[in-house]
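S.K.: Could you have a look at this structure, given as structure tokens, before my questions?
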Amino acid sequence: MTRPVPFTTHPPVTTRYLRWLGIAVLGLLLSACGFYMRAATPLPFNTLYINISDNSDFGATLYRNIQANSPHTRIVTSPQEADAQLLRHADRQHRRELSIDAAGYVEEYELTQEITFELLDGQGHSLLPITTLTTSRDMPYDPDDDQAKRQEMEQVFHTMRLALIDRIIQRISSKEVLEAYERTHPDAN
């Protein structure tokens, strides 16, 4: 009489071994190609003036992200006491009709958020020239559900502003800004 084969929920040892071996090889390949997670890059200056109110949603989020990215950088309220100045020149939202149905109602909008800024050192030298960052999203629209679509539109604009804040942080903490600051302030390090 033959014994029944016991039921097991685990794959055979060789399959588990090969799976872990594959994961290890993938990890080695990723590290060999130079892949690494982007870490916080501190700003090269100790004090920063920002001409955006920290009472606004955009400003408060920008201030928090700068502090998280560069904890040693103190945000000051006067440009005279700052080592650098982040100046916003424009902040615009656009809504453009992309498609209209046969009855003349909008079916889809293109939403665009745009911000223009520059970064100067304390003496007014440009560390990052005037830069415009833009992000766009397409959003379907239903005039029968106007209130909900307006709320959704505000949420989409909010999400785009958060994406632009991340891009601003990346730009002001870039190697280009660090090198420009070191050129104008060789005694800073």
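FYI, nothing fancy with the structure tokens labels: chains A, B, ... in order, residues from 1 per chain, ligands from 1 as they appear.
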Pull the strand (DSSP E) assignments for range 25-110 of chain A out of DSSP run on the backbone, and list those residues as a list in words.
M.R.: Thr47, Leu48, Tyr49, Ile50, Arg74, Ile75, Val76, Ala84, Gln85, Leu86, Leu87, Arg88, His89, Ala90, Asp91, Arg92, Gln93, His94, Arg95, Arg96, Glu97, Leu98, Ser99, Ile100, Val106, Glu107, Glu108, Tyr109 and Glu110 of chain A
S.K.: Could those residues be written to a file, using C-alpha atoms, as a PDB file, in the first residue's frame?
M.R.:
```
ATOM      1  CA  THR A  47      19.359  81.329   6.498  1.00  0.00           C
ATOM      2  CA  LEU A  48      16.734  81.668   3.779  1.00  0.00           C
ATOM      3  CA  TYR A  49      14.146  84.351   3.073  1.00  0.00           C
ATOM      4  CA  ILE A  50      11.030  83.320   1.153  1.00  0.00           C
ATOM      5  CA  ARG A  74      16.594  78.677   9.246  1.00  0.00           C
ATOM      6  CA  ILE A  75      13.860  80.576   7.420  1.00  0.00           C
ATOM      7  CA  VAL A  76      13.972  84.290   8.252  1.00  0.00           C
ATOM      8  CA  ALA A  84      19.755  83.433   0.275  1.00  0.00           C
ATOM      9  CA  GLN A  85      16.362  84.549  -1.020  1.00  0.00           C
ATOM     10  CA  LEU A  86      13.749  82.372  -2.717  1.00  0.00           C
ATOM     11  CA  LEU A  87      11.554  84.800  -4.648  1.00  0.00           C
ATOM     12  CA  ARG A  88       8.283  83.797  -6.254  1.00  0.00           C
ATOM     13  CA  HIS A  89       7.455  86.014  -9.236  1.00  0.00           C
ATOM     14  CA  ALA A  90       4.273  84.368 -10.474  1.00  0.00           C
ATOM     15  CA  ASP A  91       1.880  81.600  -9.499  1.00  0.00           C
ATOM     16  CA  ARG A  92      -0.873  80.863 -12.001  1.00  0.00           C
ATOM     17  CA  GLN A  93      -3.616  78.329 -12.527  1.00  0.00           C
ATOM     18  CA  HIS A  94      -5.178  77.814 -15.941  1.00  0.00           C
ATOM     19  CA  ARG A  95      -8.216  75.845 -17.006  1.00  0.00           C
ATOM     20  CA  ARG A  96      -8.610  75.207 -20.727  1.00  0.00           C
ATOM     21  CA  GLU A  97     -11.428  73.398 -22.486  1.00  0.00           C
ATOM     22  CA  LEU A  98     -10.102  70.346 -24.311  1.00  0.00           C
ATOM     23  CA  SER A  99     -13.294  68.842 -25.687  1.00  0.00           C
ATOM     24  CA  ILE A 100     -16.949  69.838 -26.026  1.00  0.00           C
ATOM     25  CA  VAL A 106     -17.381  70.816 -21.791  1.00  0.00           C
ATOM     26  CA  GLU A 107     -16.404  67.148 -21.554  1.00  0.00           C
ATOM     27  CA  GLU A 108     -12.740  67.583 -20.580  1.00  0.00           C
ATOM     28  CA  TYR A 109     -10.505  70.319 -19.179  1.00  0.00           C
ATOM     29  CA  GLU A 110      -6.755  70.711 -19.174  1.00  0.00           C
TER      30      GLU A 110
END
```
S.K.: Return as JSON lines the residues of range 63-91 of chain A lying at most 9 Å from range 145-169 of chain A, together with the closest atom-to-atom pair for each and the distance in Å to one decimal, counting only C-alpha atoms, with rows in chain order and ascending residue number.
M.R.:
```
{"residue": "A:Asn65", "atom": "CA", "partner": "A:Ile169", "partner_atom": "CA", "distance": 7.5}
{"residue": "A:Ile66", "atom": "CA", "partner": "A:Ile169", "partner_atom": "CA", "distance": 6.8}
{"residue": "A:Asn69", "atom": "CA", "partner": "A:Ile169", "partner_atom": "CA", "distance": 8.0}
```
S.K.: Output C-alpha atoms of each residue in that selection to a file, as a short mmCIF file (atom, residue, chain, number, x, y, z; two decimals), in the first residue's frame.
M.R.:
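This went into result15.cif:
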```cif
data_model
loop_
_atom_site.label_atom_id
_atom_site.label_comp_id
_atom_site.auth_asym_id
_atom_site.auth_seq_id
_atom_site.Cartn_x
_atom_site.Cartn_y
_atom_site.Cartn_z
CA ASN A 65 9.52 70.68 3.04
CA ILE A 66 12.54 72.99 3.18
CA ASN A 69 15.15 68.61 3.53
#
```
S.K.: Going by DSSP on the backbone, which bits of chain A are alpha helix (DSSP H)? Write them as a PDB file with C-alpha atoms, in the first residue's frame, please.
M.R.:
```
ATOM      1  CA  VAL A  13      13.228  24.076  -1.102  1.00  0.00           C
ATOM      2  CA  THR A  14      14.836  24.491  -4.507  1.00  0.00           C
ATOM      3  CA  THR A  15      12.103  26.905  -5.658  1.00  0.00           C
ATOM      4  CA  ARG A  16      12.469  29.058  -2.526  1.00  0.00           C
ATOM      5  CA  TYR A  17      16.241  28.958  -2.909  1.00  0.00           C
ATOM      6  CA  LEU A  18      16.031  30.089  -6.531  1.00  0.00           C
ATOM      7  CA  ARG A  19      13.598  32.883  -5.654  1.00  0.00           C
ATOM      8  CA  TRP A  20      15.933  34.296  -2.981  1.00  0.00           C
ATOM      9  CA  LEU A  21      18.902  33.885  -5.286  1.00  0.00           C
ATOM     10  CA  GLY A  22      17.040  35.868  -7.976  1.00  0.00           C
ATOM     11  CA  ILE A  23      16.255  38.665  -5.515  1.00  0.00           C
ATOM     12  CA  ALA A  24      19.903  38.807  -4.413  1.00  0.00           C
ATOM     13  CA  VAL A  25      21.117  38.948  -8.029  1.00  0.00           C
ATOM     14  CA  LEU A  26      18.619  41.739  -8.809  1.00  0.00           C
ATOM     15  CA  GLY A  27      19.868  43.701  -5.788  1.00  0.00           C
ATOM     16  CA  LEU A  28      23.468  43.306  -6.928  1.00  0.00           C
ATOM     17  CA  LEU A  29      22.595  44.408 -10.453  1.00  0.00           C
ATOM     18  CA  LEU A  30      20.804  47.515  -9.191  1.00  0.00           C
ATOM     19  CA  SER A  31      23.717  48.471  -6.959  1.00  0.00           C
ATOM     20  CA  ALA A  32      26.229  47.796  -9.738  1.00  0.00           C
ATOM     21  CA  ASP A  57      -1.334  76.355   2.051  1.00  0.00           C
ATOM     22  CA  PHE A  58       1.399  76.574  -0.610  1.00  0.00           C
ATOM     23  CA  GLY A  59       3.736  78.563   1.646  1.00  0.00           C
ATOM     24  CA  ALA A  60       3.237  76.378   4.712  1.00  0.00           C
ATOM     25  CA  THR A  61       3.953  73.223   2.723  1.00  0.00           C
ATOM     26  CA  LEU A  62       7.021  74.786   1.096  1.00  0.00           C
ATOM     27  CA  TYR A  63       8.397  75.884   4.500  1.00  0.00           C
ATOM     28  CA  ARG A  64       7.836  72.400   5.992  1.00  0.00           C
ATOM     29  CA  ASN A  65       9.521  70.685   3.041  1.00  0.00           C
ATOM     30  CA  ILE A  66      12.541  72.988   3.175  1.00  0.00           C
ATOM     31  CA  GLN A  67      12.916  72.350   6.919  1.00  0.00           C
ATOM     32  CA  ALA A  68      12.607  68.592   6.373  1.00  0.00           C
ATOM     33  CA  ASN A  69      15.150  68.614   3.534  1.00  0.00           C
ATOM     34  CA  ASP A 146     -20.840  70.367 -11.300  1.00  0.00           C
ATOM     35  CA  GLN A 147     -20.273  70.673  -7.525  1.00  0.00           C
ATOM     36  CA  ALA A 148     -18.355  67.393  -7.238  1.00  0.00           C
ATOM     37  CA  LYS A 149     -16.272  68.181 -10.343  1.00  0.00           C
ATOM     38  CA  ARG A 150     -15.341  71.613  -8.946  1.00  0.00           C
ATOM     39  CA  GLN A 151     -14.175  69.943  -5.731  1.00  0.00           C
ATOM     40  CA  GLU A 152     -12.228  67.391  -7.757  1.00  0.00           C
ATOM     41  CA  MET A 153     -10.680  70.224  -9.772  1.00  0.00           C
ATOM     42  CA  GLU A 154      -9.505  71.915  -6.544  1.00  0.00           C
ATOM     43  CA  GLN A 155      -8.016  68.627  -5.377  1.00  0.00           C
ATOM     44  CA  VAL A 156      -6.175  68.202  -8.686  1.00  0.00           C
ATOM     45  CA  PHE A 157      -4.768  71.751  -8.415  1.00  0.00           C
ATOM     46  CA  HIS A 158      -3.685  71.004  -4.821  1.00  0.00           C
ATOM     47  CA  THR A 159      -1.894  67.829  -5.950  1.00  0.00           C
ATOM     48  CA  MET A 160      -0.160  69.748  -8.749  1.00  0.00           C
ATOM     49  CA  ARG A 161       1.008  72.437  -6.273  1.00  0.00           C
ATOM     50  CA  LEU A 162       2.533  69.699  -4.092  1.00  0.00           C
ATOM     51  CA  ALA A 163       4.359  68.300  -7.131  1.00  0.00           C
ATOM     52  CA  LEU A 164       5.705  71.781  -7.931  1.00  0.00           C
ATOM     53  CA  ILE A 165       6.925  72.221  -4.342  1.00  0.00           C
ATOM     54  CA  ASP A 166       8.905  68.981  -4.668  1.00  0.00           C
ATOM     55  CA  ARG A 167      10.416  70.237  -7.921  1.00  0.00           C
ATOM     56  CA  ILE A 168      11.314  73.605  -6.337  1.00  0.00           C
ATOM     57  CA  ILE A 169      13.108  71.797  -3.497  1.00  0.00           C
ATOM     58  CA  GLN A 170      14.995  69.663  -6.028  1.00  0.00           C
ATOM     59  CA  ARG A 171      16.039  72.760  -7.984  1.00  0.00           C
ATOM     60  CA  ILE A 172      17.208  74.853  -5.004  1.00  0.00           C
ATOM     61  CA  LYS A 175      24.447  70.634  -7.456  1.00  0.00           C
ATOM     62  CA  GLU A 176      24.188  73.693  -9.732  1.00  0.00           C
ATOM     63  CA  VAL A 177      22.989  75.873  -6.813  1.00  0.00           C
ATOM     64  CA  LEU A 178      25.610  74.444  -4.443  1.00  0.00           C
ATOM     65  CA  GLU A 179      28.396  75.235  -6.930  1.00  0.00           C
ATOM     66  CA  ALA A 180      27.041  78.748  -7.594  1.00  0.00           C
ATOM     67  CA  TYR A 181      26.871  79.462  -3.851  1.00  0.00           C
ATOM     68  CA  GLU A 182      30.409  78.143  -3.303  1.00  0.00           C
ATOM     69  CA  ARG A 183      31.704  80.367  -6.141  1.00  0.00           C
ATOM     70  CA  THR A 184      30.174  83.506  -4.622  1.00  0.00           C
TER      71      THR A 184
END
```
S.K.: What does the structure give for the distance between CA of Ala82 in chain A and CA of Gln113 in chain A, in Å to one decimal?
M.R.: 28.4 Å
S.K.: What does the structure give for the distance between CA of Ile130 in chain A and CA of Glu114 in chain A, in Å to one decimal?
M.R.: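 Between CA of Ile130 in chain A and CA of Glu114 in chain A the gap works out to 13.0 Å.
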